[in-house]
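Student: For reference, this is coords-v1.txt, and it has compact mmCIF, C-alpha atoms and all ligand atoms.
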# COMPACT_ATOMS: atom_id res chain seq x y z
CA MET A 1 0.00 0.00 0.00
CA ASN A 2 1.24 3.48 -0.90
CA PRO A 3 2.40 5.42 2.17
CA GLN A 4 0.48 8.47 0.97
CA SER A 5 -2.66 6.97 2.45
CA LEU A 6 -1.40 6.99 6.00
CA ALA A 7 -2.98 9.23 8.59
CA PRO A 8 -1.09 12.28 9.95
CA THR A 9 2.16 11.34 11.60
CA ASP A 10 4.05 12.86 14.49
CA ARG A 11 6.82 13.68 11.98
CA GLN A 12 4.87 16.50 10.38
CA LEU A 13 7.15 18.92 8.49
CA ASP A 14 7.42 22.63 9.10
CA ILE A 15 5.32 24.22 6.34
CA PRO A 16 7.14 27.54 5.50
CA PRO A 17 10.46 25.98 4.39
CA VAL A 18 8.61 23.63 2.03
CA LEU A 19 6.62 26.47 0.49
CA ARG A 20 9.77 28.61 0.22
CA TYR A 21 11.56 25.74 -1.51
CA GLY A 22 8.73 25.50 -4.06
CA ARG A 23 8.82 29.25 -4.69
CA ASP A 24 12.61 29.38 -5.08
CA ARG A 25 12.72 26.39 -7.40
CA ILE A 26 10.07 27.99 -9.60
CA LEU A 27 11.83 31.37 -9.70
CA ASP A 28 15.21 29.77 -10.47
CA ALA A 29 13.70 27.72 -13.28
CA ALA A 30 11.93 30.78 -14.71
CA ALA A 31 15.21 32.73 -14.64
CA ALA A 32 16.94 29.89 -16.48
CA GLN A 33 14.16 29.63 -19.06
CA TRP A 34 13.86 33.36 -19.74
CA PRO A 35 17.30 34.87 -19.04
CA GLY A 36 17.25 38.65 -18.97
CA SER A 37 13.46 38.89 -18.55
CA THR A 38 11.81 40.44 -15.53
CA ILE A 39 10.11 37.75 -13.51
CA ARG A 40 7.50 38.69 -10.97
CA ILE A 41 5.29 36.68 -8.63
CA ARG A 42 1.64 37.55 -9.19
CA GLY A 43 0.26 35.23 -6.52
CA TYR A 44 0.42 31.93 -4.70
CA VAL A 45 -2.15 29.33 -5.70
CA PRO A 46 -3.15 27.14 -2.76
CA SER A 47 -3.05 23.45 -3.67
CA ALA A 48 -3.04 20.19 -1.73
CA THR A 49 -1.13 18.60 -4.60
CA SER A 50 1.75 20.77 -5.79
CA CYS A 51 3.58 24.08 -5.40
CA VAL A 52 1.83 26.52 -7.75
CA LEU A 53 2.59 30.18 -8.46
CA ARG A 54 1.11 32.71 -10.83
CA ILE A 55 4.06 34.59 -12.32
CA ALA A 56 4.66 37.18 -15.00
CA VAL A 57 7.56 36.92 -17.41
CA GLY A 58 7.81 40.46 -18.67
CA ASN A 59 4.14 41.21 -19.27
CA THR A 60 3.11 37.64 -20.05
CA PRO A 61 1.17 35.78 -17.34
CA PHE A 62 2.16 32.18 -16.66
CA VAL A 63 1.23 29.55 -14.10
CA ALA A 64 4.21 27.58 -12.76
CA LYS A 65 4.00 24.25 -10.98
CA LEU A 66 6.43 21.98 -9.18
CA SER A 67 5.54 18.52 -7.98
CA LEU A 68 7.27 17.04 -4.96
CA LEU A 69 8.07 13.38 -5.62
CA GLY A 70 4.95 13.08 -7.80
CA VAL A 71 2.86 12.79 -4.62
CA SER A 72 0.67 15.32 -2.85
CA VAL A 73 2.28 18.20 -0.96
CA SER A 74 -0.13 17.33 1.82
CA SER A 75 1.41 13.87 2.26
CA VAL A 76 4.93 15.37 2.15
CA LEU A 77 3.97 17.86 4.87
CA ARG A 78 2.46 15.08 6.96
CA GLY A 79 5.89 13.51 6.99
CA THR A 80 4.86 10.34 5.17
CA HIS A 81 7.89 10.56 2.88
CA GLY A 82 10.40 11.23 5.62
CA ALA A 83 12.06 14.28 7.11
CA TRP A 84 12.75 17.31 4.87
CA PRO A 85 16.41 16.41 4.05
CA GLU A 86 15.25 12.95 2.98
CA VAL A 87 12.54 14.46 0.80
CA LEU A 88 15.07 16.80 -0.82
CA ALA A 89 17.41 13.92 -1.63
CA ALA A 90 14.53 11.85 -3.01
CA GLN A 91 13.35 14.86 -5.05
CA GLU A 92 16.69 15.15 -6.81
CA GLN A 93 16.49 11.51 -7.79
CA TYR A 94 12.85 11.82 -8.78
CA GLU A 95 13.51 14.71 -11.15
CA SER A 96 16.55 13.09 -12.73
CA GLY A 97 14.43 10.12 -13.81
CA ALA A 98 12.65 10.27 -17.16
CA GLY A 99 8.93 10.91 -17.40
CA HIS A 100 8.22 12.55 -14.07
CA LEU A 101 4.78 13.98 -13.46
CA MET A 102 5.44 17.49 -14.83
CA GLU A 103 6.92 16.06 -18.03
CA ARG A 104 3.92 13.82 -18.55
CA GLN A 105 1.55 16.66 -17.84
CA ALA A 106 3.33 18.88 -20.39
CA LEU A 107 2.69 16.21 -23.07
CA GLN A 108 -0.94 16.02 -22.01
CA TYR A 109 -1.29 19.80 -22.23
CA GLY A 110 0.11 19.50 -25.75
CA LEU A 111 -2.72 17.14 -26.67
CA LEU A 112 -5.30 19.59 -25.29
CA ALA A 113 -3.73 22.40 -27.33
CA SER A 114 -3.80 20.34 -30.52
CA ALA A 115 -7.50 19.70 -29.94
CA GLY A 116 -8.19 23.43 -29.56
CA LEU A 117 -8.93 23.12 -25.84
CA GLY A 118 -6.43 25.67 -24.54
CA ASP A 119 -3.18 26.87 -26.08
CA SER A 120 -1.10 26.83 -22.90
CA GLN A 121 2.29 26.35 -24.64
CA PRO A 122 3.62 24.06 -21.90
CA VAL A 123 7.31 23.97 -21.17
CA VAL A 124 9.23 22.06 -18.51
CA ARG A 125 12.43 23.60 -17.21
CA ASP A 126 14.45 22.15 -14.32
CA GLY A 127 11.47 20.12 -13.13
CA VAL A 128 9.02 23.04 -13.24
CA LEU A 129 6.04 23.11 -15.59
CA PHE A 130 5.16 26.51 -17.03
CA THR A 131 1.88 27.10 -18.84
CA ARG A 132 0.52 30.31 -20.29
CA GLU A 133 -2.35 31.50 -18.16
CA LEU A 134 -5.48 30.63 -20.12
CA PRO A 135 -8.46 32.95 -20.30
CA GLY A 136 -11.91 32.00 -19.03
CA ARG A 137 -13.75 31.60 -15.75
CA PRO A 138 -13.77 28.35 -13.78
CA LEU A 139 -16.91 26.32 -14.52
CA GLY A 140 -17.88 26.03 -10.83
CA ALA A 141 -17.95 29.80 -10.38
CA VAL A 142 -20.06 30.26 -13.52
CA VAL A 143 -22.52 27.55 -12.43
CA ALA A 144 -22.84 29.06 -8.95
CA GLN A 145 -23.51 32.49 -10.42
CA TYR A 146 -25.77 31.41 -13.29
CA PRO A 147 -27.41 28.14 -12.21
CA ALA A 148 -29.87 28.27 -15.11
CA ARG A 149 -26.93 27.80 -17.52
CA THR A 150 -25.68 24.62 -15.83
CA SER A 151 -27.12 22.10 -18.27
CA ARG A 152 -25.88 23.93 -21.36
CA LEU A 153 -22.41 24.48 -19.88
CA LEU A 154 -21.98 20.88 -18.79
CA ARG A 155 -23.29 19.45 -22.02
CA GLY A 156 -20.87 21.65 -23.95
CA ALA A 157 -17.87 20.71 -21.81
CA LEU A 158 -18.67 16.98 -21.92
CA ARG A 159 -19.15 17.11 -25.68
CA GLU A 160 -15.70 18.69 -26.12
CA LEU A 161 -14.13 16.09 -23.87
CA ASN A 162 -15.86 13.22 -25.65
CA ILE A 163 -14.33 14.40 -28.90
CA LEU A 164 -10.90 14.67 -27.25
CA THR A 165 -10.92 11.30 -25.51
CA ALA A 166 -12.24 9.52 -28.62
CA ARG A 167 -9.10 10.57 -30.57
CA PRO A 168 -6.77 7.61 -31.04
CA GLU A 169 -3.79 9.73 -29.93
CA ALA A 170 -5.48 10.36 -26.57
CA LEU A 171 -5.47 6.63 -25.84
CA VAL A 172 -1.89 6.29 -27.06
CA LEU A 173 -0.77 9.14 -24.79
CA ALA A 174 -2.82 7.84 -21.85
CA ARG A 175 -0.97 4.53 -22.17
CA ALA A 176 2.50 5.97 -22.79
CA ALA A 177 2.52 9.06 -20.55
CA GLY A 178 -0.65 8.88 -18.51
CA THR A 179 -1.36 9.48 -14.85
CA PRO A 180 -2.91 6.20 -13.68
CA ASP A 181 -2.25 6.97 -9.99
CA ALA A 182 -4.74 9.81 -10.17
CA THR A 183 -7.90 7.92 -11.18
CA ILE A 184 -10.77 7.85 -8.71
CA SER A 185 -10.29 4.10 -8.17
CA ALA A 186 -6.52 4.35 -7.65
CA VAL A 187 -6.89 7.19 -5.16
CA PHE A 188 -9.69 5.34 -3.35
CA GLU A 189 -7.54 2.23 -3.10
CA ARG A 190 -4.60 4.25 -1.72
CA LYS A 191 -6.69 6.06 0.82
CA PHE A 192 -9.09 3.33 1.88
CA GLY A 193 -7.45 0.07 0.78
CA GLN A 194 -6.79 -0.64 4.42
CA SER A 195 -9.34 0.21 7.04
CA GLN A 196 -9.03 3.75 8.33
CA ARG A 197 -9.75 5.15 11.72
CA SER A 198 -12.45 7.70 10.98
CA ASP A 199 -15.95 8.42 12.24
CA GLU A 200 -18.21 5.43 12.24
CA LEU A 201 -20.64 6.63 9.58
CA LEU A 202 -17.85 7.40 7.10
CA GLU A 203 -16.22 4.08 7.84
CA GLN A 204 -19.48 2.23 7.13
CA ALA A 205 -19.99 4.13 3.89
CA VAL A 206 -16.41 3.39 2.81
CA ILE A 207 -16.81 -0.31 3.60
CA ARG A 208 -19.94 -0.41 1.44
CA LEU A 209 -18.22 1.46 -1.39
CA ARG A 210 -15.18 -0.77 -1.17
CA GLU A 211 -17.30 -3.86 -1.67
CA LEU A 212 -19.24 -2.28 -4.51
CA ALA A 213 -16.05 -0.97 -6.19
CA ALA A 214 -15.46 -4.46 -7.59
CA GLY A 215 -18.38 -3.66 -9.90
CA LEU A 216 -16.61 -0.76 -11.59
CA ASP A 217 -15.90 -1.36 -15.27
CA SER A 218 -12.39 -2.39 -16.13
CA PRO A 219 -10.40 0.25 -18.02
CA ASP A 220 -11.14 0.65 -21.68
CA VAL A 221 -11.04 4.25 -22.93
CA ALA A 222 -8.98 7.40 -22.50
CA VAL A 223 -10.25 9.66 -19.73
CA PHE A 224 -9.27 13.25 -18.94
CA GLY A 225 -8.70 12.17 -15.38
CA ASP A 226 -9.18 15.20 -13.18
CA LEU A 227 -12.38 16.83 -14.37
CA LYS A 228 -12.96 19.21 -11.49
CA PRO A 229 -15.05 22.31 -12.15
CA GLU A 230 -11.97 24.49 -11.57
CA HIS A 231 -10.19 22.64 -14.36
CA VAL A 232 -12.73 23.72 -16.97
CA LEU A 233 -12.38 27.35 -18.01
CA VAL A 234 -15.40 28.84 -19.72
CA GLY A 235 -14.36 31.30 -22.39
CA ARG A 236 -16.38 33.55 -24.63
CA ASP A 237 -16.97 30.87 -27.21
CA ARG A 238 -14.76 27.92 -26.20
CA TYR A 239 -13.74 25.87 -23.24
CA ALA A 240 -10.19 25.38 -22.07
CA PHE A 241 -9.17 22.46 -19.87
CA ILE A 242 -6.32 22.55 -17.38
CA ASP A 243 -4.47 20.13 -15.10
CA PRO A 244 -5.10 16.97 -17.16
CA ALA A 245 -4.42 13.57 -15.59
CA LEU A 246 -4.94 11.47 -18.69
CA SER A 247 -5.37 7.77 -18.06
CA VAL A 248 -7.14 4.68 -19.25
CA GLY A 249 -10.36 3.94 -17.42
CA SER A 250 -14.09 3.74 -17.45
CA PRO A 251 -15.87 6.54 -19.30
CA VAL A 252 -17.88 7.25 -16.12
CA LEU A 253 -14.81 8.58 -14.28
CA ASP A 254 -14.76 12.07 -15.77
CA VAL A 255 -18.48 12.71 -15.36
CA ALA A 256 -18.41 11.27 -11.85
CA LYS A 257 -15.66 13.65 -10.76
CA LEU A 258 -17.43 16.62 -12.29
CA VAL A 259 -20.69 15.76 -10.51
CA SER A 260 -18.95 14.99 -7.21
CA ARG A 261 -16.97 18.24 -7.14
CA LEU A 262 -19.82 20.44 -8.42
CA VAL A 263 -22.11 19.20 -5.65
CA LEU A 264 -19.43 19.94 -3.03
CA TYR A 265 -18.67 23.32 -4.61
CA LEU A 266 -22.35 24.26 -4.46
CA ALA A 267 -22.42 23.11 -0.84
CA VAL A 268 -19.85 25.72 0.21
CA VAL A 269 -20.05 28.57 -2.31
CA PRO A 270 -23.11 30.83 -2.29
CA SER A 271 -25.40 30.32 -5.25
CA SER A 272 -28.75 31.97 -5.87
CA ASN A 273 -30.34 28.65 -6.76
CA PRO A 274 -28.35 25.44 -6.15
CA CYS A 275 -31.46 23.33 -6.86
CA ARG A 276 -31.64 24.81 -10.34
CA ALA A 277 -27.98 23.91 -10.82
CA MET A 278 -28.72 20.33 -9.68
CA ALA A 279 -31.55 20.12 -12.21
CA GLY A 280 -29.05 21.21 -14.86
CA ILE A 281 -26.61 18.50 -13.77
CA ASP A 282 -29.43 15.96 -13.99
CA GLU A 283 -30.27 17.06 -17.53
CA ALA A 284 -26.67 17.04 -18.72
CA VAL A 285 -25.98 13.60 -17.24
CA ALA A 286 -29.16 12.23 -18.83
CA GLU A 287 -27.93 13.43 -22.21
CA TRP A 288 -24.46 12.04 -21.57
CA ALA A 289 -25.96 8.64 -20.64
CA ARG A 290 -28.15 8.62 -23.77
CA HIS A 291 -25.14 9.46 -25.89
CA THR A 292 -22.47 7.20 -24.36
CA ALA A 293 -24.54 4.25 -23.26
CA PRO A 294 -27.71 3.99 -25.29
CA GLY A 295 -29.99 1.00 -24.91
CA PRO A 296 -30.10 -1.59 -22.17
CA HIS A 297 -26.59 -0.82 -20.85
CA GLY A 298 -27.42 2.79 -20.03
CA GLY A 299 -28.69 1.93 -16.55
CA GLY A 300 -25.48 0.09 -15.66
CA ARG A 301 -23.41 3.10 -16.67
CA LEU A 302 -25.46 5.36 -14.42
CA TRP A 303 -25.00 2.99 -11.49
CA GLN A 304 -21.28 3.06 -12.08
CA LEU A 305 -21.34 6.82 -12.33
CA VAL A 306 -23.00 7.11 -8.92
CA LEU A 307 -20.49 4.67 -7.43
CA ALA A 308 -17.50 6.60 -8.82
CA TRP A 309 -19.10 9.88 -7.67
CA ALA A 310 -19.37 8.55 -4.10
CA MET A 311 -15.81 7.18 -4.17
CA ASP A 312 -14.47 10.54 -5.32
CA THR A 313 -16.41 12.37 -2.61
CA ALA A 314 -14.92 10.02 0.01
CA ASN A 315 -11.46 10.67 -1.50
CA ILE A 316 -11.64 14.45 -1.30
CA LEU A 317 -13.17 14.35 2.17
CA HIS A 318 -10.18 12.28 3.28
CA THR A 319 -7.77 14.74 1.60
CA VAL A 320 -9.31 17.69 3.38
CA ARG A 321 -9.52 15.97 6.76
CA THR A 322 -5.91 14.81 6.70
CA ALA A 323 -4.36 18.05 5.37
CA PRO A 324 -2.09 19.66 7.97
CA ALA A 325 -4.05 22.38 9.74
CA MET A 326 -1.95 25.33 8.51
CA MET A 327 -1.57 24.10 4.95
CA PRO A 328 -3.06 26.56 2.43
CA LEU A 329 -6.02 24.89 0.71
CA PRO A 330 -8.22 26.29 -2.08
CA GLY A 331 -11.10 28.21 -0.45
CA HIS A 332 -13.84 25.80 -1.48
CA LEU A 333 -11.93 22.83 -0.01
CA HIS A 334 -11.34 24.71 3.20
CA GLY A 335 -15.10 25.38 3.31
CA LEU A 336 -15.73 21.66 3.08
CA LEU A 337 -14.44 21.23 6.61
CA GLY A 338 -17.43 23.22 7.83
CA VAL A 339 -19.98 20.89 6.21
CA ASP A 340 -18.11 17.59 6.32
CA HIS A 341 -20.58 15.90 8.68
CA ARG A 342 -23.35 16.58 6.15
CA VAL A 343 -21.18 15.23 3.34
CA VAL A 344 -20.69 12.03 5.32
CA LEU A 345 -24.45 11.75 5.78
CA MET A 346 -24.96 12.13 2.03
CA LEU A 347 -22.28 9.53 1.34
CA ASP A 348 -23.89 7.07 3.72
CA ARG A 349 -27.26 7.48 1.99
CA ILE A 350 -25.77 7.16 -1.49
CA ALA A 351 -23.77 4.04 -0.55
CA ARG A 352 -26.94 2.42 0.81
CA ALA A 353 -28.88 3.42 -2.34
CA LEU A 354 -26.21 1.77 -4.51
CA GLU A 355 -26.40 -1.38 -2.45
CA GLN A 356 -30.17 -1.55 -2.69
CA ASN A 357 -30.60 -0.43 -6.31
CA GLY A 358 -28.94 -2.37 -9.08
CA ASP A 359 -30.96 -0.16 -11.40
CA GLY A 360 -28.81 2.81 -12.41
CA GLY A 361 -31.66 5.20 -13.15
CA ARG A 362 -33.11 4.71 -9.68
CA ALA A 363 -29.70 4.88 -7.97
CA TRP A 364 -29.00 8.16 -9.80
CA ALA A 365 -32.39 9.68 -8.86
CA THR A 366 -31.97 8.61 -5.22
CA ALA A 367 -28.41 9.94 -5.07
CA LEU A 368 -29.54 13.29 -6.48
CA SER A 369 -32.27 13.50 -3.85
CA HIS A 370 -29.66 12.95 -1.11
CA THR A 371 -27.64 15.97 -2.27
CA ASP A 372 -30.24 17.90 -0.25
CA GLN A 373 -28.15 16.83 2.75
CA VAL A 374 -25.35 19.14 1.68
CA LEU A 375 -27.14 21.80 -0.32
CA ALA A 376 -29.55 22.76 2.48
CA ARG A 377 -28.03 25.65 4.38
N1 LIG B 401 -2.67 27.46 -17.55
C1 LIG B 401 -3.50 27.92 -16.60
N2 LIG B 401 -4.36 28.92 -16.88
C2 LIG B 401 -5.20 29.41 -15.94
N3 LIG B 401 -5.24 28.97 -14.68
C3 LIG B 401 -4.41 27.98 -14.33
C4 LIG B 401 -3.51 27.38 -15.27
N4 LIG B 401 -2.82 26.42 -14.64
C5 LIG B 401 -3.26 26.40 -13.37
N5 LIG B 401 -4.21 27.34 -13.17
C6 LIG B 401 -4.90 27.67 -11.90
O1 LIG B 401 -4.12 27.17 -10.83
C7 LIG B 401 -4.86 26.15 -10.13
C8 LIG B 401 -3.88 25.08 -9.67
O2 LIG B 401 -3.20 24.54 -10.80
P1 LIG B 401 -3.23 22.98 -11.06
O3 LIG B 401 -4.63 22.52 -11.01
O4 LIG B 401 -2.45 22.70 -12.28
O5 LIG B 401 -2.41 22.50 -9.79
P2 LIG B 401 -2.61 21.24 -8.85
O6 LIG B 401 -1.56 21.33 -7.82
O7 LIG B 401 -2.68 20.03 -9.65
O8 LIG B 401 -3.97 21.56 -8.17
P3 LIG B 401 -5.11 20.61 -7.64
O9 LIG B 401 -4.55 19.40 -7.04
O10 LIG B 401 -5.81 21.52 -6.67
O11 LIG B 401 -5.95 20.29 -8.84
C9 LIG B 401 -5.93 25.69 -11.11
O12 LIG B 401 -7.06 25.16 -10.47
C10 LIG B 401 -6.24 26.99 -11.82
O13 LIG B 401 -7.08 27.82 -11.01
MG MG B 402 -5.72 21.33 -10.27
Written as structure tokens, how would this file's structure read?
Ligand SMILES: Nc1ncnc2c1ncn2[C@@H]1O[C@H](COP(=O)(O)OP(=O)(O)OP(=O)(O)O)[C@@H](O)[C@H]1O
Ligand SMILES: [Mg+2]
Tutor:
Amino acid sequence: MNPQSLAPTDRQLDIPPVLRYGRDRILDAAAAQWPGSTIRIRGYVPSATSCVLRIAVGNTPFVAKLSLLGVSVSSVLRGTHGAWPEVLAAQEQYESGAGHLMERQALQYGLLASAGLGDSQPVVRDGVLFTRELPGRPLGAVVAQYPARTSRLLRGALRELNILTARPEALVLARAAGTPDATISAVFERKFGQSQRSDELLEQAVIRLRELAAGLDSPDVAVFGDLKPEHVLVGRDRYAFIDPALSVGSPVLDVAKLVSRLVLYLAVVPSSNPCRAMAGIDEAVAEWARHTAPGPHGGGRLWQLVLAWAMDTANILHTVRTAPAMMPLPGHLHGLLGVDHRVVLMLDRIARALEQNGDGGRAWATALSHTDQVLAR
């Protein structure tokens, strides 16, 4: 079992030196990539996964990212990969090996650009990935502000992704330079493969999900891999996608992550009408199911979608609960801590619904009704 799944240790690292290291590495790499240019920090981007900075090179805005050991910063800070000097030594080795995470992600960004889904001009220098800052507003923010547009926005984004993932080169890249560790099932296995000490209700839900997880389709198509609402940028007339984690898996994985994270986003970010947004999600998923799984298999796909949704929600809840207290998290994830008991209640209900309903349509309808647990303020 991967050590990343372990609970907080008593060897927790001091946070500021780790964040300073990330910043300095990024600035050094930028100076090497653009000698003679003025490089300025525009802001720190909180992330549980990597060190991310918004920078300007001259007047051009970039986003720069450094991964520590290809694992989450949160697990590094918890001390699961050893004391800081050990991490630094391991990092040097990690970056000297071919095909580390930032290199694979640069190739994946290249695929997105060739499909017209964001011309980020990725470049890796000294272990740091630089992408041009892409225009557009994050999908979650647009949905929260304009819930009546949810269905149209989601249908559009899923259509674009379907076209991308159906390209033969997407599957080739997913196999050759994918991110299999990041799929919902892989993360769930890492976090919950062994029983965890957590509150009883969450533990029961996880046990149910673990047993049901055997029913998830075996991998067969290319998936985008990390389809969170903040990874879809809504532009004037196009979408851009960021932070790909291309892998081979069930086609339900992308939609499941989008549904899971949109529900949680709406649970913590004010929206004039979250129920309207949920109705939009329902409509968009119905169209997706009709399109990707017509006929008698459609119900099975929906059941799988609900299962993957619940597994992803358990995953992110675990991430948030085990993050070191002072670690900077994106605002909406921080907000999750305030409603996490209601999320657990929703998970418990959805896991029971999956157990009782082999019929996907009914499991989906029941799961949607249980989102009331988290959307009610
Ligand atoms: N090219 C880009 N254009 C615009 N915004 C970007 C770009 N790259 C990253 N961002 C912003 O920075 C955030 C963090 O970047 P990214 O998702 O790549 O890092 P991460 O460490 O993998 O984060 P997480 O684990 O939270 O998904 C994104 O959610 C997005 O808001
Ligand atoms: Mg991201």
Student: Kindly extract all protein, DNA and RNA residues lying within 9 Å of the coordinates (-16.5, 17.0, -10.1) given in the file, considering all atoms listed in the file, and supply them as number ranges by chain.
Tutor: A: 226-230, 254-265, 309, 312-313
Student: List all protein, DNA and RNA residues that have at least one atom no more than 10 Å from any atom of ligand LIG 401 (chain B), counting only C-alpha atoms and all ligand atoms, and write them as a PyMOL selection string.
Tutor: chain A and resi 44-54+61-67+72-73+102+105+109+118-122+129-138+226-233+240-245+329-330+333
Student: Do you have the atom CA of Asp282 of chain A-atom CA of Arg159 of chain A distance handy?
Tutor: 15.6 Å
Student: Taking all atoms of segment 53-64 of chain A that the file lists and extending 4 Å past them on each side, where is the centre of the axis-aligned box and how long are its edges? Answer in Å to one decimal, as JSON.
Tutor:
{"center_x": 4.5, "center_y": 34.4, "center_z": -14.3, "size_x": 14.7, "size_y": 21.6, "size_z": 19.6}
Student: With distances taken over all atoms listed in the file, which of A:Ile26, A:Val269, A:Ala351, A:Leu368 is nearest to Arg210 of chain A?
Tutor: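 So, comparing all the options, the nearest one is A:Ala351.
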Student: Using all atoms listed in the file, pick whichever of A:Thr80, A:Ala182, A:Leu158, A:Pro17 has the shortest atom-to-atom distance to ligand MG 402 (chain B).
Tutor: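 Answer, going by the shortest atom-to-atom distance: A:Ala182.
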Student: Could you rebuild segment 351-372 of chain A with N, CA and C atoms and give me the result as a PDB file, in the frame of the given file?
Tutor:
ATOM      1  N   ALA A 351     -24.338   5.402  -0.574  1.00  0.00           N
ATOM      2  CA  ALA A 351     -23.770   4.040  -0.550  1.00  0.00           C
ATOM      3  C   ALA A 351     -24.882   3.015  -0.320  1.00  0.00           C
ATOM      4  N   ARG A 352     -25.819   3.353   0.573  1.00  0.00           N
ATOM      5  CA  ARG A 352     -26.940   2.420   0.810  1.00  0.00           C
ATOM      6  C   ARG A 352     -27.805   2.300  -0.444  1.00  0.00           C
ATOM      7  N   ALA A 353     -28.042   3.442  -1.126  1.00  0.00           N
ATOM      8  CA  ALA A 353     -28.880   3.420  -2.340  1.00  0.00           C
ATOM      9  C   ALA A 353     -28.238   2.528  -3.399  1.00  0.00           C
ATOM     10  N   LEU A 354     -26.910   2.591  -3.520  1.00  0.00           N
ATOM     11  CA  LEU A 354     -26.210   1.770  -4.510  1.00  0.00           C
ATOM     12  C   LEU A 354     -26.350   0.297  -4.182  1.00  0.00           C
ATOM     13  N   GLU A 355     -26.295   0.009  -2.890  1.00  0.00           N
ATOM     14  CA  GLU A 355     -26.400  -1.380  -2.450  1.00  0.00           C
ATOM     15  C   GLU A 355     -27.795  -1.946  -2.751  1.00  0.00           C
ATOM     16  N   GLN A 356     -28.793  -1.068  -2.555  1.00  0.00           N
ATOM     17  CA  GLN A 356     -30.170  -1.550  -2.690  1.00  0.00           C
ATOM     18  C   GLN A 356     -30.686  -1.511  -4.117  1.00  0.00           C
ATOM     19  N   ASN A 357     -30.090  -0.626  -4.959  1.00  0.00           N
ATOM     20  CA  ASN A 357     -30.600  -0.430  -6.310  1.00  0.00           C
ATOM     21  C   ASN A 357     -29.592  -0.838  -7.350  1.00  0.00           C
ATOM     22  N   GLY A 358     -29.802  -1.996  -7.965  1.00  0.00           N
ATOM     23  CA  GLY A 358     -28.940  -2.370  -9.080  1.00  0.00           C
ATOM     24  C   GLY A 358     -29.290  -1.528 -10.294  1.00  0.00           C
ATOM     25  N   ASP A 359     -30.505  -0.952 -10.261  1.00  0.00           N
ATOM     26  CA  ASP A 359     -30.960  -0.160 -11.400  1.00  0.00           C
ATOM     27  C   ASP A 359     -30.334   1.229 -11.364  1.00  0.00           C
ATOM     28  N   GLY A 360     -29.572   1.565 -12.406  1.00  0.00           N
ATOM     29  CA  GLY A 360     -28.810   2.810 -12.410  1.00  0.00           C
ATOM     30  C   GLY A 360     -29.692   4.049 -12.355  1.00  0.00           C
ATOM     31  N   GLY A 361     -30.785   4.031 -13.111  1.00  0.00           N
ATOM     32  CA  GLY A 361     -31.660   5.200 -13.150  1.00  0.00           C
ATOM     33  C   GLY A 361     -32.184   5.525 -11.760  1.00  0.00           C
ATOM     34  N   ARG A 362     -32.564   4.468 -11.031  1.00  0.00           N
ATOM     35  CA  ARG A 362     -33.110   4.710  -9.680  1.00  0.00           C
ATOM     36  C   ARG A 362     -32.002   5.126  -8.719  1.00  0.00           C
ATOM     37  N   ALA A 363     -30.826   4.496  -8.854  1.00  0.00           N
ATOM     38  CA  ALA A 363     -29.700   4.880  -7.970  1.00  0.00           C
ATOM     39  C   ALA A 363     -29.340   6.347  -8.207  1.00  0.00           C
ATOM     40  N   TRP A 364     -29.339   6.765  -9.469  1.00  0.00           N
ATOM     41  CA  TRP A 364     -29.000   8.160  -9.800  1.00  0.00           C
ATOM     42  C   TRP A 364     -30.034   9.118  -9.191  1.00  0.00           C
ATOM     43  N   ALA A 365     -31.332   8.791  -9.382  1.00  0.00           N
ATOM     44  CA  ALA A 365     -32.390   9.680  -8.860  1.00  0.00           C
ATOM     45  C   ALA A 365     -32.303   9.757  -7.333  1.00  0.00           C
ATOM     46  N   THR A 366     -32.058   8.614  -6.691  1.00  0.00           N
ATOM     47  CA  THR A 366     -31.970   8.610  -5.220  1.00  0.00           C
ATOM     48  C   THR A 366     -30.753   9.415  -4.771  1.00  0.00           C
ATOM     49  N   ALA A 367     -29.622   9.208  -5.452  1.00  0.00           N
ATOM     50  CA  ALA A 367     -28.410   9.940  -5.070  1.00  0.00           C
ATOM     51  C   ALA A 367     -28.635  11.445  -5.199  1.00  0.00           C
ATOM     52  N   LEU A 368     -29.269  11.857  -6.310  1.00  0.00           N
ATOM     53  CA  LEU A 368     -29.540  13.290  -6.480  1.00  0.00           C
ATOM     54  C   LEU A 368     -30.398  13.823  -5.343  1.00  0.00           C
ATOM     55  N   SER A 369     -31.379  13.014  -4.923  1.00  0.00           N
ATOM     56  CA  SER A 369     -32.270  13.500  -3.850  1.00  0.00           C
ATOM     57  C   SER A 369     -31.470  13.661  -2.547  1.00  0.00           C
ATOM     58  N   HIS A 370     -30.446  12.848  -2.356  1.00  0.00           N
ATOM     59  CA  HIS A 370     -29.660  12.950  -1.110  1.00  0.00           C
ATOM     60  C   HIS A 370     -28.665  14.122  -1.121  1.00  0.00           C
ATOM     61  N   THR A 371     -28.510  14.777  -2.269  1.00  0.00           N
ATOM     62  CA  THR A 371     -27.640  15.970  -2.270  1.00  0.00           C
ATOM     63  C   THR A 371     -28.281  17.076  -1.425  1.00  0.00           C
ATOM     64  N   ASP A 372     -29.576  16.945  -1.159  1.00  0.00           N
ATOM     65  CA  ASP A 372     -30.240  17.900  -0.250  1.00  0.00           C
ATOM     66  C   ASP A 372     -29.486  17.992   1.075  1.00  0.00           C
TER      67      ASP A 372
END
